[in-house]
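Undergrad: Pasting a structure here, questions to come.
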Amino acid sequence: MFYIQEWIIAFIISMLTALLVTPLIKKLAFYLKAVDKPDNHRKNHEGIKASLGGLAIFIGAAAGFLYLQPEHPQMSAIIIGAVIMLLTGFVDDIFELKPYYKLFGQITAAIVVVSSGLIIEKLTVPFLGTVYLDGWAYVITILWIVGTSNAINLIDGLDGLAAGVSAIGLSSILVMAIMDYRIVVAYLCIMLVGSCIGFLYHNFYPAKIFMGDTGALFLGYAIAIVSMMGLFKNVALFSFIIPIIVIAIPIFDTTLAIIRRIINQQSIATADKQHIHYQLMKMGYSHKTTVLIIYAFSAFFGLLAITFNSSTMQASMITLVIAVIAMQVIAELSGMILQGKQPILGSMRKVFGMHKTNQIK
């Protein structure tokens with residue numbers, strides 16, 4: 001059964017723990033020299049900022065976990081994988097690991113999970129029915145875990161962005177877990193959301209501390225795991241699309257980044273300022289407004305995922321079309337594709353008599 005009182009207590013425990021532990025983590029980060037310095041290129045924040053904030057998120061979630069003590073056959077493997085992912089980010093924040101070392105840590109965490117038997121066994125595909133993945137299940141599961149952790153990592157470019165987007169995505173999964181009566185998934189989501197919100201007090205613009213790869217990799221891993229435990233197990237049509245819709249912004253941004261770097265003959269690990277948040281700021285939006293815009297889009301996609309999860313096939317098709325159009329609108333708004341052309345937005349302006357604006361603060 002769902003006990004609302006337990007949820008509230010676990011949420012408060014996770015939130016307050018993250019809130020209170022973060023200042024201590026900040027001191028630890030400066031002691032270990034795990035800091036982020038402005039470079040006037042991609043990092044335009046003022047002054048040196050502490051990193052390692054992900055430790056506070058992890059500790060907050062762990063406190064909620066100890067209170068709820070959720071049980072699952074693969075829980076030990078999930079925890080070990082989380083620690084490996086956390087340590088990978090922790091070491092990277094201090095020593096700036098080369099990309100392949102970081103990837104090795106991510107793959108190791110994913111292998112621990114799949115070796116426990118927690119895998120994406122099948123996908124329900126429109127018009128094809130259930131497709132069993134067999135041996136490909138292990139490969140696809142590893143790609144999902146590694147890809148999601150990197151997607152959250154890549155979107156962590158503005159104060160409060162990754163933590164907020166993660167909290168919104170996890171909240172969407174929480175709602176669907178309640179609808180599908182998946183108690184363990186709901187428990188994990190509630191403690192993670194609480195921890196993210198507690199950390200956001202220190203991380204929202206202007207941030208006092210960054211989550212670093214410690215937090216981004218851990219949160220990406222956590223989102224991948226809870227979606228596997230809940231959404232990929234759903235027997236409804238299109239179930240394989242639901243987790244993608246939940247974190248559509250990070251996945252879309254990461255996909256475009258990979259394509260962009262391949263076209264430019266760059267390493268896919270090469271950093272740049274072409275991500276959606278930077279593009280929105282180039283349009284004239286302030287730092288804070290840009291973050292809030294992406295929050296709004298993330299919440300919108302979260303609602304679409306919830307609708308998708310409980311709809312008929314016809315309604316799911318409509319929801320999918322809306323999701324695709326929304327991604328196109330985001331791409332046009334940020335000038336990320338089509339050399340700045342805006343076919344959808346242009347059509348909307350003609351229909352509704354709107355005028356294009358270039359500077360919005």
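Labeling convention for the structure tokens: chains A, B, ... as they appear, residues from 1 per chain, ligands from 1 in order of appearance.
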Enumerate, as a PDB file with C-alpha atoms, in the first residue's frame, the complete set of residues in segment 82-291 of chain A that a backbone-based DSSP assignment places in alpha helix (DSSP H).
TA:
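The resulting out_4.pdb:
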ATOM      1  CA  ALA A  82      25.143   4.069  -7.992  1.00  0.00           C
ATOM      2  CA  VAL A  83      28.289   4.182  -5.855  1.00  0.00           C
ATOM      3  CA  ILE A  84      30.481   3.391  -8.879  1.00  0.00           C
ATOM      4  CA  MET A  85      28.798   6.149 -10.889  1.00  0.00           C
ATOM      5  CA  LEU A  86      29.131   8.570  -7.959  1.00  0.00           C
ATOM      6  CA  LEU A  87      32.830   7.767  -7.485  1.00  0.00           C
ATOM      7  CA  THR A  88      33.466   8.168 -11.219  1.00  0.00           C
ATOM      8  CA  GLY A  89      32.012  11.667 -11.099  1.00  0.00           C
ATOM      9  CA  PHE A  90      33.780  12.423  -7.805  1.00  0.00           C
ATOM     10  CA  VAL A  91      37.208  11.534  -9.197  1.00  0.00           C
ATOM     11  CA  ASP A  92      36.470  13.437 -12.412  1.00  0.00           C
ATOM     12  CA  ASP A  93      35.511  16.580 -10.479  1.00  0.00           C
ATOM     13  CA  ILE A  94      38.859  16.497  -8.673  1.00  0.00           C
ATOM     14  CA  PHE A  95      41.267  15.234 -11.335  1.00  0.00           C
ATOM     15  CA  PRO A  99      36.669  10.858 -21.432  1.00  0.00           C
ATOM     16  CA  TYR A 100      37.444   7.159 -21.899  1.00  0.00           C
ATOM     17  CA  TYR A 101      38.244   6.700 -18.190  1.00  0.00           C
ATOM     18  CA  LYS A 102      34.940   8.300 -17.295  1.00  0.00           C
ATOM     19  CA  LEU A 103      33.150   6.139 -19.854  1.00  0.00           C
ATOM     20  CA  PHE A 104      34.802   3.065 -18.341  1.00  0.00           C
ATOM     21  CA  GLY A 105      33.335   3.948 -14.938  1.00  0.00           C
ATOM     22  CA  GLN A 106      29.884   4.447 -16.436  1.00  0.00           C
ATOM     23  CA  ILE A 107      29.982   1.156 -18.320  1.00  0.00           C
ATOM     24  CA  THR A 108      31.199  -0.647 -15.198  1.00  0.00           C
ATOM     25  CA  ALA A 109      28.221   0.681 -13.226  1.00  0.00           C
ATOM     26  CA  ALA A 110      25.876  -0.413 -16.012  1.00  0.00           C
ATOM     27  CA  ILE A 111      27.433  -3.891 -16.188  1.00  0.00           C
ATOM     28  CA  VAL A 112      26.883  -4.369 -12.453  1.00  0.00           C
ATOM     29  CA  VAL A 113      23.194  -3.632 -12.988  1.00  0.00           C
ATOM     30  CA  VAL A 114      22.677  -5.873 -16.014  1.00  0.00           C
ATOM     31  CA  SER A 115      24.616  -8.721 -14.396  1.00  0.00           C
ATOM     32  CA  TRP A 136      20.560  -7.352 -27.354  1.00  0.00           C
ATOM     33  CA  ALA A 137      18.854  -6.667 -24.024  1.00  0.00           C
ATOM     34  CA  TYR A 138      22.223  -6.328 -22.283  1.00  0.00           C
ATOM     35  CA  VAL A 139      23.634  -3.967 -24.896  1.00  0.00           C
ATOM     36  CA  ILE A 140      20.526  -1.773 -24.996  1.00  0.00           C
ATOM     37  CA  THR A 141      20.348  -1.614 -21.193  1.00  0.00           C
ATOM     38  CA  ILE A 142      23.989  -0.548 -20.933  1.00  0.00           C
ATOM     39  CA  LEU A 143      23.464   2.065 -23.657  1.00  0.00           C
ATOM     40  CA  TRP A 144      20.375   3.372 -21.854  1.00  0.00           C
ATOM     41  CA  ILE A 145      22.182   3.760 -18.513  1.00  0.00           C
ATOM     42  CA  VAL A 146      25.322   5.306 -20.005  1.00  0.00           C
ATOM     43  CA  GLY A 147      23.354   7.495 -22.422  1.00  0.00           C
ATOM     44  CA  THR A 148      21.021   8.858 -19.758  1.00  0.00           C
ATOM     45  CA  SER A 149      23.852   9.636 -17.353  1.00  0.00           C
ATOM     46  CA  ASN A 150      25.652  11.543 -20.107  1.00  0.00           C
ATOM     47  CA  ALA A 151      22.470  13.360 -21.156  1.00  0.00           C
ATOM     48  CA  ILE A 152      22.022  14.813 -17.666  1.00  0.00           C
ATOM     49  CA  ASN A 153      25.728  15.608 -17.538  1.00  0.00           C
ATOM     50  CA  LEU A 154      25.628  17.544 -20.812  1.00  0.00           C
ATOM     51  CA  ILE A 155      22.646  19.654 -19.794  1.00  0.00           C
ATOM     52  CA  LEU A 161      19.358  23.347 -14.572  1.00  0.00           C
ATOM     53  CA  ALA A 162      20.296  19.673 -14.206  1.00  0.00           C
ATOM     54  CA  ALA A 163      18.935  19.355 -10.662  1.00  0.00           C
ATOM     55  CA  GLY A 164      15.636  20.977 -11.636  1.00  0.00           C
ATOM     56  CA  VAL A 165      15.178  19.012 -14.856  1.00  0.00           C
ATOM     57  CA  SER A 166      16.006  15.798 -12.985  1.00  0.00           C
ATOM     58  CA  ALA A 167      13.509  16.614 -10.224  1.00  0.00           C
ATOM     59  CA  ILE A 168      10.796  17.287 -12.811  1.00  0.00           C
ATOM     60  CA  GLY A 169      11.555  14.072 -14.696  1.00  0.00           C
ATOM     61  CA  LEU A 170      11.593  12.032 -11.488  1.00  0.00           C
ATOM     62  CA  SER A 171       8.312  13.642 -10.399  1.00  0.00           C
ATOM     63  CA  SER A 172       6.741  12.511 -13.675  1.00  0.00           C
ATOM     64  CA  ILE A 173       7.977   8.969 -13.101  1.00  0.00           C
ATOM     65  CA  LEU A 174       6.626   9.173  -9.535  1.00  0.00           C
ATOM     66  CA  VAL A 175       3.132   9.963 -10.812  1.00  0.00           C
ATOM     67  CA  MET A 176       3.270   7.075 -13.280  1.00  0.00           C
ATOM     68  CA  ALA A 177       4.591   4.747 -10.581  1.00  0.00           C
ATOM     69  CA  ILE A 178       1.571   5.615  -8.440  1.00  0.00           C
ATOM     70  CA  MET A 179      -0.754   5.035 -11.390  1.00  0.00           C
ATOM     71  CA  ILE A 183       5.779   1.015  -4.798  1.00  0.00           C
ATOM     72  CA  VAL A 184       9.574   0.648  -4.935  1.00  0.00           C
ATOM     73  CA  VAL A 185       9.854   2.990  -7.925  1.00  0.00           C
ATOM     74  CA  ALA A 186       7.678   5.545  -6.132  1.00  0.00           C
ATOM     75  CA  TYR A 187       9.841   5.310  -3.005  1.00  0.00           C
ATOM     76  CA  LEU A 188      13.053   5.841  -4.955  1.00  0.00           C
ATOM     77  CA  CYS A 189      11.570   8.796  -6.832  1.00  0.00           C
ATOM     78  CA  ILE A 190      10.260  10.542  -3.721  1.00  0.00           C
ATOM     79  CA  MET A 191      13.650  10.441  -1.977  1.00  0.00           C
ATOM     80  CA  LEU A 192      15.510  11.564  -5.106  1.00  0.00           C
ATOM     81  CA  VAL A 193      13.111  14.455  -5.748  1.00  0.00           C
ATOM     82  CA  GLY A 194      13.398  15.582  -2.128  1.00  0.00           C
ATOM     83  CA  SER A 195      17.170  15.480  -2.298  1.00  0.00           C
ATOM     84  CA  CYS A 196      17.254  17.466  -5.565  1.00  0.00           C
ATOM     85  CA  ILE A 197      14.994  20.161  -4.137  1.00  0.00           C
ATOM     86  CA  GLY A 198      17.076  20.443  -0.968  1.00  0.00           C
ATOM     87  CA  PHE A 199      20.202  20.868  -3.068  1.00  0.00           C
ATOM     88  CA  LEU A 200      18.511  23.394  -5.377  1.00  0.00           C
ATOM     89  CA  TYR A 201      18.341  25.867  -2.490  1.00  0.00           C
ATOM     90  CA  HIS A 202      22.125  26.197  -2.840  1.00  0.00           C
ATOM     91  CA  ASN A 203      22.359  25.474  -6.569  1.00  0.00           C
ATOM     92  CA  GLY A 212      29.543  18.556 -10.835  1.00  0.00           C
ATOM     93  CA  ASP A 213      29.880  15.234 -12.596  1.00  0.00           C
ATOM     94  CA  THR A 214      29.409  13.679  -9.155  1.00  0.00           C
ATOM     95  CA  GLY A 215      25.770  14.732  -9.221  1.00  0.00           C
ATOM     96  CA  ALA A 216      25.057  14.695 -12.951  1.00  0.00           C
ATOM     97  CA  LEU A 217      26.247  11.124 -13.479  1.00  0.00           C
ATOM     98  CA  PHE A 218      24.481   9.901 -10.340  1.00  0.00           C
ATOM     99  CA  LEU A 219      21.173  11.555 -11.237  1.00  0.00           C
ATOM    100  CA  GLY A 220      21.342  10.328 -14.833  1.00  0.00           C
ATOM    101  CA  TYR A 221      21.998   6.827 -13.543  1.00  0.00           C
ATOM    102  CA  ALA A 222      19.129   7.100 -11.047  1.00  0.00           C
ATOM    103  CA  ILE A 223      16.673   8.239 -13.734  1.00  0.00           C
ATOM    104  CA  ALA A 224      17.768   5.393 -16.013  1.00  0.00           C
ATOM    105  CA  ILE A 225      17.290   2.830 -13.234  1.00  0.00           C
ATOM    106  CA  VAL A 226      13.867   3.957 -11.989  1.00  0.00           C
ATOM    107  CA  SER A 227      12.580   4.167 -15.557  1.00  0.00           C
ATOM    108  CA  MET A 228      13.777   0.612 -16.187  1.00  0.00           C
ATOM    109  CA  MET A 229      12.125  -0.605 -12.992  1.00  0.00           C
ATOM    110  CA  GLY A 230       8.841   1.030 -13.904  1.00  0.00           C
ATOM    111  CA  ILE A 242       7.692   6.945 -22.282  1.00  0.00           C
ATOM    112  CA  PRO A 243      11.129   7.212 -20.578  1.00  0.00           C
ATOM    113  CA  ILE A 244      12.436   9.115 -23.591  1.00  0.00           C
ATOM    114  CA  ILE A 245       9.600  11.646 -23.346  1.00  0.00           C
ATOM    115  CA  VAL A 246      10.220  12.077 -19.598  1.00  0.00           C
ATOM    116  CA  ALA A 248      13.168  14.600 -23.761  1.00  0.00           C
ATOM    117  CA  ILE A 249      15.143  17.832 -23.324  1.00  0.00           C
ATOM    118  CA  PRO A 250      18.439  16.220 -22.200  1.00  0.00           C
ATOM    119  CA  ILE A 251      18.129  13.391 -24.743  1.00  0.00           C
ATOM    120  CA  PHE A 252      17.301  15.763 -27.614  1.00  0.00           C
ATOM    121  CA  ASP A 253      20.125  18.121 -26.649  1.00  0.00           C
ATOM    122  CA  THR A 254      22.611  15.252 -26.385  1.00  0.00           C
ATOM    123  CA  THR A 255      21.546  13.749 -29.714  1.00  0.00           C
ATOM    124  CA  LEU A 256      21.987  17.073 -31.503  1.00  0.00           C
ATOM    125  CA  ALA A 257      25.366  17.568 -29.803  1.00  0.00           C
ATOM    126  CA  ILE A 258      26.607  14.185 -31.047  1.00  0.00           C
ATOM    127  CA  ILE A 259      25.355  14.841 -34.595  1.00  0.00           C
ATOM    128  CA  ARG A 260      26.845  18.342 -34.564  1.00  0.00           C
ATOM    129  CA  ARG A 261      30.268  17.110 -33.470  1.00  0.00           C
ATOM    130  CA  ILE A 262      30.308  14.276 -35.993  1.00  0.00           C
ATOM    131  CA  ILE A 263      29.453  16.719 -38.805  1.00  0.00           C
ATOM    132  CA  ILE A 276      19.992  24.499 -25.934  1.00  0.00           C
ATOM    133  CA  HIS A 277      20.582  26.562 -22.786  1.00  0.00           C
ATOM    134  CA  TYR A 278      23.418  28.518 -24.378  1.00  0.00           C
ATOM    135  CA  GLN A 279      21.357  29.097 -27.522  1.00  0.00           C
ATOM    136  CA  LEU A 280      18.473  30.500 -25.485  1.00  0.00           C
ATOM    137  CA  MET A 281      20.844  32.878 -23.717  1.00  0.00           C
ATOM    138  CA  LYS A 282      22.204  34.008 -27.096  1.00  0.00           C
ATOM    139  CA  HIS A 287      20.405  33.083 -17.068  1.00  0.00           C
ATOM    140  CA  LYS A 288      17.495  32.603 -14.669  1.00  0.00           C
ATOM    141  CA  THR A 289      14.819  32.933 -17.359  1.00  0.00           C
ATOM    142  CA  THR A 290      16.571  30.380 -19.561  1.00  0.00           C
ATOM    143  CA  VAL A 291      16.545  27.852 -16.728  1.00  0.00           C
TER     144      VAL A 291
END
Undergrad: Considering only C-alpha atoms, state which residue in the set A:Leu292, A:Leu133, A:Ile306, A:Ile120 is at the smallest distance from Phe204 of chain A.
TA: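 Looking only at the distances to Phe204 of chain A, the closest residue turns out to be A:Leu292.
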Undergrad: May I have all residues of segment 97-218 of chain A that DSSP, computed from the backbone, assigns to strand (DSSP E), given as a list of chain:residue names?
TA: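 Selecting the strand (DSSP E) positions of segment 97-218 of chain A gives A:Lys122, A:Leu123, A:Thr124, A:Val125, A:Gly129, A:Thr130, A:Val131, A:Tyr132.
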